[in-house]
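Engineer: Sharing my_file.txt (compact mmCIF, C-alpha atoms and all ligand atoms) below.
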# COMPACT_ATOMS: atom_id res chain seq x y z
CA MET A 1 -8.56 18.21 -8.04
CA ASP A 2 -9.74 15.59 -5.58
CA ILE A 3 -6.82 13.61 -4.07
CA VAL A 4 -8.12 10.25 -5.28
CA ALA A 5 -8.37 11.46 -8.89
CA ALA A 6 -5.01 13.23 -8.68
CA ILE A 7 -3.19 10.18 -7.32
CA THR A 8 -4.93 7.91 -9.83
CA ASP A 9 -3.63 10.14 -12.65
CA LEU A 10 -0.10 9.99 -11.27
CA TYR A 11 -0.44 6.21 -10.92
CA LYS A 12 -1.42 5.99 -14.59
CA ASP A 13 1.76 7.93 -15.41
CA SER A 14 3.78 5.59 -13.13
CA ASN A 15 4.85 8.69 -11.20
CA TRP A 16 5.12 7.27 -7.68
CA LYS A 17 7.78 9.81 -6.69
CA GLU A 18 5.37 12.68 -7.25
CA ILE A 19 2.68 10.83 -5.28
CA VAL A 20 4.83 10.61 -2.15
CA HIS A 21 6.39 14.03 -2.64
CA ARG A 22 3.12 15.87 -3.13
CA TYR A 23 0.71 13.94 -0.90
CA HIS A 24 2.63 12.54 2.10
CA ASP A 25 1.15 15.17 4.42
CA HIS A 26 -2.10 15.92 2.59
CA PRO A 27 -5.01 16.05 5.07
CA GLU A 28 -7.02 13.52 3.03
CA ARG A 29 -4.18 11.11 2.29
CA ASN A 30 -5.76 8.34 4.41
CA LYS A 31 -8.49 7.92 1.81
CA LEU A 32 -5.98 5.82 -0.09
CA LEU A 33 -3.14 4.92 2.26
CA TRP A 34 -2.11 5.47 5.89
CA VAL A 35 1.53 6.20 5.26
CA TYR A 36 3.53 7.59 2.34
CA PRO A 37 7.19 6.59 2.61
CA SER A 38 9.85 8.85 1.10
CA GLU A 39 12.22 7.81 -1.68
CA ASN A 40 14.83 7.21 0.99
CA ASP A 41 12.44 4.91 2.87
CA PHE A 42 11.79 2.85 -0.24
CA SER A 43 15.58 2.56 -0.67
CA PHE A 44 15.79 1.33 2.93
CA VAL A 45 13.20 -1.37 2.16
CA LYS A 46 15.02 -2.33 -1.02
CA LYS A 47 18.34 -2.64 0.81
CA CYS A 48 16.84 -4.77 3.59
CA LEU A 49 15.21 -7.08 1.04
CA GLN A 50 18.51 -7.43 -0.80
CA GLU A 51 20.47 -8.11 2.39
CA LEU A 52 17.94 -10.71 3.46
CA GLN A 53 17.64 -12.18 -0.04
CA CYS A 54 13.92 -11.68 -0.44
CA ASP A 55 12.62 -11.47 -3.98
CA ARG A 56 8.90 -11.17 -3.25
CA ILE A 57 6.55 -9.61 -0.69
CA VAL A 58 3.09 -10.61 0.47
CA SER A 59 1.27 -7.67 2.05
CA ILE A 60 -1.60 -8.47 4.38
CA GLY A 61 -4.44 -5.96 4.76
CA CYS A 62 -3.19 -4.00 1.77
CA GLY A 63 -6.28 -1.81 1.34
CA THR A 64 -6.04 -0.01 -2.00
CA GLY A 65 -2.62 -1.52 -2.71
CA LEU A 66 -1.13 1.93 -3.33
CA LEU A 67 1.82 1.28 -1.02
CA GLU A 68 2.35 -2.15 -2.59
CA TRP A 69 2.32 -0.72 -6.11
CA MET A 70 4.84 1.97 -5.07
CA ILE A 71 7.11 -0.62 -3.44
CA THR A 72 7.23 -2.57 -6.69
CA GLU A 73 7.89 0.59 -8.71
CA ALA A 74 10.61 1.75 -6.33
CA THR A 75 12.35 -1.55 -5.62
CA GLY A 76 11.50 -3.84 -8.52
CA VAL A 77 10.24 -6.42 -6.03
CA PRO A 78 6.80 -7.87 -6.81
CA VAL A 79 4.18 -7.48 -4.07
CA SER A 80 0.99 -9.52 -3.70
CA GLY A 81 -1.80 -7.85 -1.73
CA VAL A 82 -4.25 -9.69 0.51
CA GLU A 83 -7.52 -8.15 1.71
CA VAL A 84 -10.37 -9.57 3.73
CA ASP A 85 -13.31 -7.31 3.09
CA LYS A 86 -14.66 -8.44 -0.27
CA VAL A 87 -17.97 -6.55 -0.03
CA TRP A 88 -16.30 -3.20 0.64
CA TRP A 89 -13.44 -3.56 -1.82
CA HIS A 90 -15.77 -4.52 -4.65
CA CYS A 91 -18.60 -2.05 -3.99
CA LYS A 92 -19.08 1.05 -6.11
CA TYR A 93 -18.04 3.45 -3.31
CA ALA A 94 -14.74 1.68 -2.70
CA PRO A 95 -11.56 3.59 -3.49
CA PRO A 96 -9.62 2.33 -6.52
CA SER A 97 -7.29 -0.65 -6.27
CA PHE A 98 -3.77 -0.12 -7.52
CA ILE A 99 -2.88 -3.82 -7.64
CA PRO A 100 -4.99 -6.94 -8.14
CA LEU A 101 -6.35 -7.85 -4.69
CA HIS A 102 -6.22 -11.35 -3.39
CA VAL A 103 -9.42 -11.46 -1.35
CA THR A 104 -9.40 -13.92 1.52
CA PRO A 105 -12.17 -15.11 3.85
CA GLU A 106 -11.73 -14.39 7.61
CA GLU A 107 -10.54 -17.94 8.02
CA ILE A 108 -7.39 -18.32 5.94
CA ASP A 109 -8.12 -20.47 2.92
CA LYS A 110 -5.98 -22.73 0.74
CA ASP A 111 -5.19 -20.03 -1.85
CA THR A 112 -3.95 -17.63 0.81
CA ILE A 113 -1.85 -20.33 2.43
CA SER A 114 -0.21 -21.05 -0.89
CA LEU A 115 0.67 -17.34 -1.22
CA LEU A 116 2.31 -17.54 2.22
CA GLN A 117 4.15 -20.72 1.36
CA LYS A 118 5.18 -20.14 -2.26
CA ASN A 119 8.85 -19.89 -1.37
CA LYS A 120 11.07 -19.01 1.57
CA LYS A 121 12.36 -15.84 -0.07
CA THR A 122 9.07 -14.08 0.54
CA ALA A 123 8.84 -11.22 3.05
CA LEU A 124 5.57 -10.72 4.90
CA LEU A 125 4.36 -7.12 5.26
CA PHE A 126 1.72 -5.59 7.52
CA CYS A 127 1.09 -1.84 7.17
CA TYR A 128 -1.19 -0.23 9.75
CA PHE A 129 -2.68 -3.63 10.44
CA ASN A 130 -5.27 -3.87 13.18
CA ASN A 131 -6.19 -7.49 13.75
CA ARG A 132 -3.96 -9.41 16.17
CA GLU A 133 -5.75 -12.70 15.84
CA ALA A 134 -5.40 -12.66 12.06
CA PHE A 135 -1.77 -11.49 12.37
CA ASN A 136 -0.97 -14.56 14.50
CA ASP A 137 -2.77 -16.81 12.02
CA TYR A 138 -0.85 -15.47 9.04
CA LEU A 139 2.43 -15.97 10.88
CA LYS A 140 1.45 -19.54 11.68
CA TYR A 141 1.25 -20.39 7.98
CA TYR A 142 4.10 -18.19 6.73
CA ILE A 143 7.25 -20.19 5.97
CA GLY A 144 9.67 -17.32 5.29
CA SER A 145 11.85 -15.48 7.76
CA VAL A 146 11.38 -11.75 7.12
CA LEU A 147 8.56 -9.79 8.72
CA ILE A 148 8.03 -6.08 8.01
CA ILE A 149 5.68 -4.03 10.16
CA ILE A 150 4.91 -0.45 9.19
CA GLY A 151 2.97 1.60 11.67
CA PRO A 152 2.79 4.44 14.20
CA HIS A 153 5.04 4.54 17.25
CA GLN A 154 3.90 6.61 20.21
CA LYS A 155 1.78 8.96 18.15
CA GLY A 156 -1.63 8.18 19.60
CA ILE A 157 -2.83 5.91 16.81
CA HIS A 158 -3.51 2.30 17.64
CA THR A 159 -2.46 -0.59 15.44
CA ASP A 160 -2.25 -4.25 16.32
CA PRO A 161 0.54 -5.21 16.13
CA GLN A 162 2.45 -2.03 16.84
CA PRO A 163 5.76 -1.73 15.03
CA PHE A 164 8.02 -2.13 18.10
CA ASN A 165 8.16 -4.62 20.98
CA ASP A 166 4.92 -6.28 20.01
CA VAL A 167 5.95 -9.53 18.34
CA SER A 168 6.84 -12.88 19.89
CA ASP A 169 10.38 -13.98 20.77
CA ASP A 170 10.44 -15.88 17.49
CA TRP A 171 11.29 -12.57 15.83
CA ALA A 172 14.40 -10.42 16.26
CA LEU A 173 14.61 -6.77 15.29
CA TYR A 174 16.80 -6.50 12.19
CA LYS A 175 16.58 -2.80 11.22
CA SER A 176 14.15 0.06 11.50
CA GLN A 177 13.71 3.51 10.02
CA GLU A 178 11.36 6.37 10.77
CA ILE A 179 9.41 7.60 7.77
CA ARG A 180 10.56 11.23 7.56
CA SER A 181 9.74 12.64 11.04
CA SER A 182 6.22 11.28 10.94
CA GLY A 183 6.25 9.00 13.98
CA ASP A 184 5.59 6.13 11.56
CA PHE A 185 8.25 3.44 11.35
CA ILE A 186 9.27 0.67 9.00
CA VAL A 187 10.47 -2.16 11.19
CA VAL A 188 12.10 -5.28 9.79
CA TYR A 189 12.29 -8.48 11.83
CA THR A 190 13.97 -11.78 11.06
CA LYS A 191 13.01 -15.16 12.37
CA VAL A 192 15.17 -16.35 15.22
CA ASN A 193 17.12 -19.57 14.63
CA VAL A 194 16.58 -19.43 10.91
CA GLU A 195 19.61 -18.84 8.75
CA THR A 196 19.24 -15.60 6.77
CA HIS A 197 22.16 -15.17 4.44
CA SER A 198 23.14 -11.59 5.17
CA ILE A 199 25.60 -10.16 2.66
C1 LIG A 201 -6.05 0.33 8.72
S1 LIG A 201 -6.26 -0.57 7.26
C2 LIG A 201 -4.69 -0.39 6.49
C3 LIG A 201 -4.78 -0.51 5.01
C4 LIG A 201 -3.45 -0.28 4.28
N1 LIG A 201 -2.47 -1.26 4.64
C5 LIG A 201 -2.92 1.11 4.54
O1 LIG A 201 -1.88 1.24 5.20
O2 LIG A 201 -3.54 2.07 4.10
C6 LIG A 201 -6.21 -2.27 7.79
C7 LIG A 201 -6.65 -3.22 6.69
O3 LIG A 201 -6.51 -4.56 7.15
C8 LIG A 201 -7.55 -5.32 6.58
N2 LIG A 201 -7.73 -6.56 7.35
C9 LIG A 201 -8.28 -6.72 8.58
N3 LIG A 201 -8.31 -8.04 8.91
C10 LIG A 201 -7.74 -8.70 7.86
C11 LIG A 201 -7.48 -10.08 7.60
N4 LIG A 201 -7.84 -11.04 8.44
N5 LIG A 201 -6.87 -10.40 6.43
C12 LIG A 201 -6.53 -9.44 5.53
N6 LIG A 201 -6.77 -8.14 5.73
C13 LIG A 201 -7.37 -7.77 6.87
C14 LIG A 201 -8.76 -4.38 6.64
O4 LIG A 201 -9.79 -4.75 5.74
C15 LIG A 201 -8.11 -3.04 6.28
O5 LIG A 201 -8.16 -2.79 4.89
Could I get this file's structure written as structure tokens?
Ligand SMILES: C[S@@+](CC[C@H](N)C(=O)[O-])C[C@H]1O[C@@H](n2cnc3c(N)ncnc32)[C@H](O)[C@@H]1O

Structural biologist:
Amino acid sequence: MDIVAAITDLYKDSNWKEIVHRYHDHPERNKLLWVYPSENDFSFVKKCLQELQCDRIVSIGCGTGLLEWMITEATGVPVSGVEVDKVWWHCKYAPPSFIPLHVTPEEIDKDTISLLQKNKKTALLFCYFNNREAFNDYLKYYIGSVLIIIGPHQKGIHTDPQPFNDVSDDWALYKSQEIRSSGDFIVVYTKVNVETHSI
């Protein structure tokens, strides 16, 4: 069966564990998502969110929202997904969406700002993001203190920002974990000079 149909079936069965177990190294996995964290990686995210008292995530450039749906399934934390490309994501050739997409114009609008400013317990996630200017803009409006970047480190794939050493001094590295031995990392930053009540 085609990977999109197979993953959609597993999604309908709420079987996220089988999705990551079976498809994390499938040659066509990028049709739906750039990186498939393991169960252990989702636990790492859950623990970081608990330690940093975040009860919500906003994911920018979420694509199909498959990662975001799996994060919610695995951690219980709700994730809102923001995408920019309305024409592509609503055309008949687009891959399926696994969460409702919040579609934003290039210039951040009022609705998107309110997502970024709903409360301070929101973490901001970028997975395989590739638009530095937009990244800086989102950070300008974001009022929380937890930034998660997921992306490749020294594996010949370019993202902007990269997961390590690519954010301003406003952000301090909190914790990081490699996704299996994939060369992809989940990197959690906290805002400098903002009190984060670590347990
Ligand atoms: C390489 S894809 C990654 C998609 C998904 N996060 C994943 O890991 O599979 C980068 C995504 O960022 C989106 N993007 C680019 N600029 C954006 C912006 N200003 N606001 C929201 N999304 C944006 C693109 O449309 C694209 O879907």

Engineer: Mind checking which residues fall within 10 Å of stretch 108-116 of chain A, counting all atoms listed in the file, ignoring those fewer than 3 positions away in the same chain, and posting them as a compact mmCIF listing (two decimals) with C-alpha atoms, keeping the file's coordinate frame?

Structural biologist:
# COMPACT_ATOMS: atom_id res chain seq x y z
CA ILE A 57 6.55 -9.61 -0.69
CA VAL A 58 3.09 -10.61 0.47
CA SER A 59 1.27 -7.67 2.05
CA SER A 80 0.99 -9.52 -3.70
CA GLY A 81 -1.80 -7.85 -1.73
CA VAL A 82 -4.25 -9.69 0.51
CA VAL A 84 -10.37 -9.57 3.73
CA HIS A 102 -6.22 -11.35 -3.39
CA VAL A 103 -9.42 -11.46 -1.35
CA THR A 104 -9.40 -13.92 1.52
CA PRO A 105 -12.17 -15.11 3.85
CA ASN A 119 8.85 -19.89 -1.37
CA LYS A 120 11.07 -19.01 1.57
CA THR A 122 9.07 -14.08 0.54
CA ALA A 123 8.84 -11.22 3.05
CA LEU A 124 5.57 -10.72 4.90
CA ALA A 134 -5.40 -12.66 12.06
CA ASP A 137 -2.77 -16.81 12.02
CA TYR A 138 -0.85 -15.47 9.04
CA LEU A 139 2.43 -15.97 10.88
CA LYS A 140 1.45 -19.54 11.68
CA TYR A 141 1.25 -20.39 7.98
CA TYR A 142 4.10 -18.19 6.73
CA ILE A 143 7.25 -20.19 5.97
CA GLY A 144 9.67 -17.32 5.29

Engineer: Give the residues close to ligand LIG 201 (chain A), within 7 Å, counting all atoms listed in the file; write them as a list in words.

Structural biologist: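 Written in the requested form, the residues are Asn30, Leu32, Leu33, Trp34, Val35, Ile60, Gly61, Cys62, Gly63, Thr64, Val82, Glu83, Val84, Asp85, Thr104, Glu106, Phe126, Cys127, Tyr128, Phe129, Asn130, Asn131 and Ala134 of chain A.
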
Engineer: Report, in Å with one decimal, the straight-line distance from atom CA of A:Phe44 to atom CA of A:Pro161.

Structural biologist: 21.2 Å

Engineer: Pick out the closest residue to A:Tyr23 from this set: A:Val79, A:Ala6, A:Val188, A:Leu173. Count only C-alpha atoms.

Structural biologist: A:Ala6

Engineer: Kindly give the distance, in Å, that separates atom CA of A:Lys175 and atom CA of A:Tyr189, rounded to a single decimal.

Structural biologist: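 Going from atom CA of A:Lys175 over to atom CA of A:Tyr189 covers 7.1 Å.
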
Engineer: Using only C-alpha atoms, which protein or nucleic acid residues come within 10 Å of A:Glu73? Drop anything in the same chain fewer than 3 positions from it, and give the result as a list in words.

Structural biologist: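 Within the cut-off, the hits are Ser14, Asn15, Trp16, Lys17, Phe42, Leu67, Glu68, Trp69, Met70, Gly76, Val77 and Pro78 of chain A.
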
Engineer: Write out as a ChimeraX atom specification which residues come within 12 Å of A:Thr190 when counting all atoms listed in the file, dropping same-chain ones fewer than 6 positions away.

Structural biologist: /A:48-49,51-54,121-124,143-149,167-176,196-198

Engineer: With distances taken over only C-alpha atoms, which of A:Lys155, A:Lys191, A:Ile3, A:Ser43 is nearest to A:Asp25?

Structural biologist: A:Ile3

Engineer: Just how far from atom CA of A:Thr75 is atom CA of A:Leu101, in Å to one decimal?

Structural biologist: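 If I compute the distance from atom CA of A:Leu101 to atom CA of A:Thr75, I get 19.8 Å.
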
Engineer: With all atoms listed in the file as the basis for distance, which of A:Asp2, A:Trp88, A:Tyr93, A:Asn40 is at the shortest distance from A:His26?

Structural biologist: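 Going through A:Asp2, A:Trp88, A:Tyr93, A:Asn40 one by one, the smallest distance to A:His26 is for A:Asp2.
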
Engineer: Nearest to A:Asp184: which of A:Asn136, A:Ser38, A:Gln50, A:Gln117 is it, counting only C-alpha atoms?

Structural biologist: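 The closest residue to A:Asp184 is A:Ser38.
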
Engineer: What are the centre and the three edge lengths of an axis-aligned box that wraps all atoms of stretch 6-14 of chain A in the file, given that 4 Å is added to every side, written as JSON and rounded to one decimal in Å?

Structural biologist:
{"center_x": -0.6, "center_y": 9.4, "center_z": -11.4, "size_x": 16.8, "size_y": 15.6, "size_z": 16.1}
